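A short worksheet on the structure shown next.
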Amino acid sequence: MQNLNVLLEYGPFILEGAIVTVELTVLCSLLVLATAMAAGVTLLSRSFWLRAVARAYVELFRGTSLFVQLFAVYFILPLSGVNLSPFEAGILAIGLNGGAYGAEIVRAGIQAIGRDQREATVALNLKRWQALWYIILPQAMVLMLPSFGNLAIDVMKATAATSLITVSELTFHAQTVRMQTGQTAIPFIMIFITYLVIASVLISLVRWLERRFGRGIVIADGGA
């Protein structure tokens, strides 16, 4: 009976945190996608210095903890005059962290497109950016989508870390309920189910995108 009362009384409060988690997931995923595309393409640049900068970014964010990055963005950036709210700091840290992993997905996806496709763009006298935008990336996206789907789920789970800098997302609200009621099982069962629902929606969306992007596209493999 007590568990039911906790569920009825604090359920809406938990759902408020779920809304913030969804907002964080969407905004972080958008930043991840933009950063991954930019860094992934730059990793294949003809310029040594551009490749070096992109590689330094990727290794920095893959080689350090998300928690360290989150605290650095929130507590250290203000020392240089850049003041971010906890919500903004969470988006920036998670977005840059996920973008570093996504950059390798983009690089691998582009390199997986067969040589004959690249030779065809030369025969059509396309500029390098035109070949990338109109020929290579549409085919590479089909290969990249499953990995980006997994990355989006990782981003969703990473949003829980923002509770450490007082973002009122799902985990933060569950902790608040636990401290106010002394109940542990109900609030954490609720967020367990909520995370599972959000992940299921993300998986369904990615599968739909795979069908949408894959329709009519045949990945040609012309050899390395």
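Naming works like this for the structure tokens: A, B, ... for the chains as they're shown, residue 1 at the start of each chain, ligands 1 onward in shown order.
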As a CSV table (one decimal) with N, CA and C atoms, in the first residue's frame, please: the residues near Val201 of chain A (cut-off 12 Å, only C-alpha atoms, same-chain neighbours under 6 positions excluded).
chain,number,residue,atom,x,y,z
A,22,VAL,N,14.4,13.4,-22.0
A,22,VAL,CA,14.1,13.4,-23.4
A,22,VAL,C,14.7,14.6,-24.1
A,25,THR,N,18.4,14.2,-24.3
A,25,THR,CA,18.8,13.2,-25.3
A,25,THR,C,18.7,13.8,-26.7
A,149,GLY,N,22.6,4.6,-34.0
A,149,GLY,CA,21.5,4.2,-33.1
A,149,GLY,C,22.0,3.8,-31.7
A,152,ALA,N,23.1,6.8,-29.9
A,152,ALA,CA,22.0,7.6,-29.3
A,152,ALA,C,21.5,7.0,-28.0
A,153,ILE,N,21.5,5.7,-27.9
A,153,ILE,CA,21.1,5.1,-26.7
A,153,ILE,C,22.2,5.3,-25.6
A,156,MET,N,21.6,8.8,-24.4
A,156,MET,CA,20.4,8.8,-23.5
A,156,MET,C,20.8,8.4,-22.1
A,194,THR,N,11.2,3.7,-17.5
A,194,THR,CA,11.2,4.9,-18.4
A,194,THR,C,12.4,4.9,-19.3
A,195,TYR,N,13.5,4.6,-18.8
A,195,TYR,CA,14.7,4.5,-19.7
A,195,TYR,C,14.5,3.5,-20.8
A,207,ARG,N,15.4,2.1,-36.8
A,207,ARG,CA,15.0,1.1,-37.8
A,207,ARG,C,14.2,1.7,-38.9
A,208,TRP,N,13.4,2.7,-38.6
A,208,TRP,CA,12.6,3.4,-39.6
A,208,TRP,C,13.5,4.2,-40.5
Write out as a PyMOL selection string the set of residues from segment 19-168 of chain A that DSSP, computed on the backbone, places in alpha helix (DSSP H). chain A and resi 19-42+48-62+66-71+86-111+115-123+128-131+137-158
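Coordinates place atom CA of Pro86 of chain A at a distance of 6.7 Å from atom CA of Thr166 of chain A.
Within the 10 Å cut-off around segment 43-51 of chain A, using only C-alpha atoms and omitting residues fewer than 5 positions from it on the same chain, the listed residues are Met37, Ala38, Ala56, Tyr57, Val58, Ala103, Glu104, Val106, Arg107, Ala108, Ile110 and Gln111 of chain A.
Using only C-alpha atoms, the protein and nucleic acid residues lying no more than 7 Å from Phe188 of chain A, apart from those fewer than 4 places from it along its own chain, are Ala174, Thr184 and Phe192 of chain A.
For the set A:Gly114, A:Leu27, A:Leu205, A:Trp129, the residue with the smallest atom-to-atom gap to Thr42 of chain A is A:Trp129, counting only C-alpha atoms.
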Give me, please, the distance in Å between atom CA of Ala100 of chain A and atom CA of Val197 of chain A, quoted to one decimal. 26.3 Å
Would you write out, as CSV, a table of all residues in segment 95-211 of chain A that have an atom no more than 10 Å from an atom of segment 60-75 of chain A, listing for each the closest atom pair and the distance in Å to one decimal, considering only C-alpha atoms and ordering rows by chain and rising residue number?
residue,atom,partner,partner_atom,distance
A:Leu96,CA,A:Phe61,CA,7.2
A:Asn97,CA,A:Phe61,CA,5.4
A:Gly98,CA,A:Phe61,CA,8.4
A:Gly99,CA,A:Phe61,CA,8.6
A:Ala100,CA,A:Phe61,CA,6.1
A:Tyr101,CA,A:Arg62,CA,6.8
A:Ala158,CA,A:Leu66,CA,8.3
A:Ala161,CA,A:Phe67,CA,7.0
A:Thr162,CA,A:Leu70,CA,7.7
A:Leu164,CA,A:Phe67,CA,8.7
A:Ile165,CA,A:Tyr74,CA,7.7
Those residues with C-alpha atoms, as a CSV table (one decimal), in the first residue's frame please?
chain,number,residue,atom,x,y,z
A,96,LEU,CA,31.3,16.5,-27.6
A,97,ASN,CA,32.0,13.2,-25.9
A,98,GLY,CA,29.5,11.4,-28.2
A,99,GLY,CA,30.8,13.3,-31.2
A,100,ALA,CA,34.3,11.9,-30.7
A,101,TYR,CA,33.0,8.3,-30.9
A,158,ALA,CA,24.8,9.3,-20.3
A,161,ALA,CA,25.5,11.9,-15.3
A,162,THR,CA,24.1,15.5,-15.5
A,164,LEU,CA,25.8,15.4,-10.6
A,165,ILE,CA,25.7,19.1,-11.6
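The list of residues with at least one atom within 10 Å of Val206 of chain A, based on only C-alpha atoms and without residues fewer than 6 positions apart in the same chain, reads A:Leu145, A:Pro146, A:Ser147, A:Phe148, A:Gly149, A:Asn150, A:Ala152, A:Ser200, A:Arg212.
Counting only C-alpha atoms, Glu23 of chain A has the following residues at most 10 Å away, ignoring those fewer than 3 positions along the same chain: Gly17, Ala18, Ile19, Val20, Val26, Leu27, Cys28, Ser29, Phe87, Ile91, Met156, Thr159 and Glu169 of chain A.
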Only N, CA and C atoms, please: the residues just picked out, written as a short mmCIF file (atom, residue, chain, number, x, y, z; two decimals), in the first residue's frame.
data_model
loop_
_atom_site.label_atom_id
_atom_site.label_comp_id
_atom_site.auth_asym_id
_atom_site.auth_seq_id
_atom_site.Cartn_x
_atom_site.Cartn_y
_atom_site.Cartn_z
N GLY A 17 10.93 14.64 -14.69
CA GLY A 17 12.35 14.36 -14.95
C GLY A 17 12.55 13.64 -16.27
N ALA A 18 11.58 12.78 -16.62
CA ALA A 18 11.68 12.05 -17.89
C ALA A 18 11.62 13.01 -19.07
N ILE A 19 10.81 14.05 -18.95
CA ILE A 19 10.72 15.05 -20.03
C ILE A 19 12.07 15.74 -20.22
N VAL A 20 12.71 16.09 -19.12
CA VAL A 20 14.03 16.73 -19.21
C VAL A 20 15.05 15.77 -19.82
N VAL A 26 17.61 14.48 -27.03
CA VAL A 26 17.42 15.04 -28.38
C VAL A 26 18.49 16.07 -28.69
N LEU A 27 18.71 17.01 -27.78
CA LEU A 27 19.67 18.08 -28.03
C LEU A 27 21.10 17.55 -28.08
N CYS A 28 21.43 16.64 -27.17
CA CYS A 28 22.77 16.05 -27.18
C CYS A 28 22.99 15.25 -28.46
N SER A 29 21.99 14.52 -28.90
CA SER A 29 22.12 13.71 -30.11
C SER A 29 22.33 14.59 -31.34
N PHE A 87 22.19 22.70 -17.47
CA PHE A 87 21.58 22.06 -18.65
C PHE A 87 22.46 22.24 -19.87
N ILE A 91 24.65 19.36 -22.07
CA ILE A 91 24.53 19.18 -23.51
C ILE A 91 25.90 19.25 -24.18
N MET A 156 21.57 8.77 -24.36
CA MET A 156 20.43 8.81 -23.45
C MET A 156 20.81 8.36 -22.05
N THR A 159 22.93 10.88 -20.04
CA THR A 159 22.27 12.06 -19.46
C THR A 159 22.11 11.94 -17.95
N GLU A 169 16.97 15.96 -14.16
CA GLU A 169 16.52 14.93 -15.11
C GLU A 169 16.00 13.73 -14.33
#
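The space between atom CA of Ala112 of chain A and atom CA of Gln139 of chain A spans 9.5 Å.
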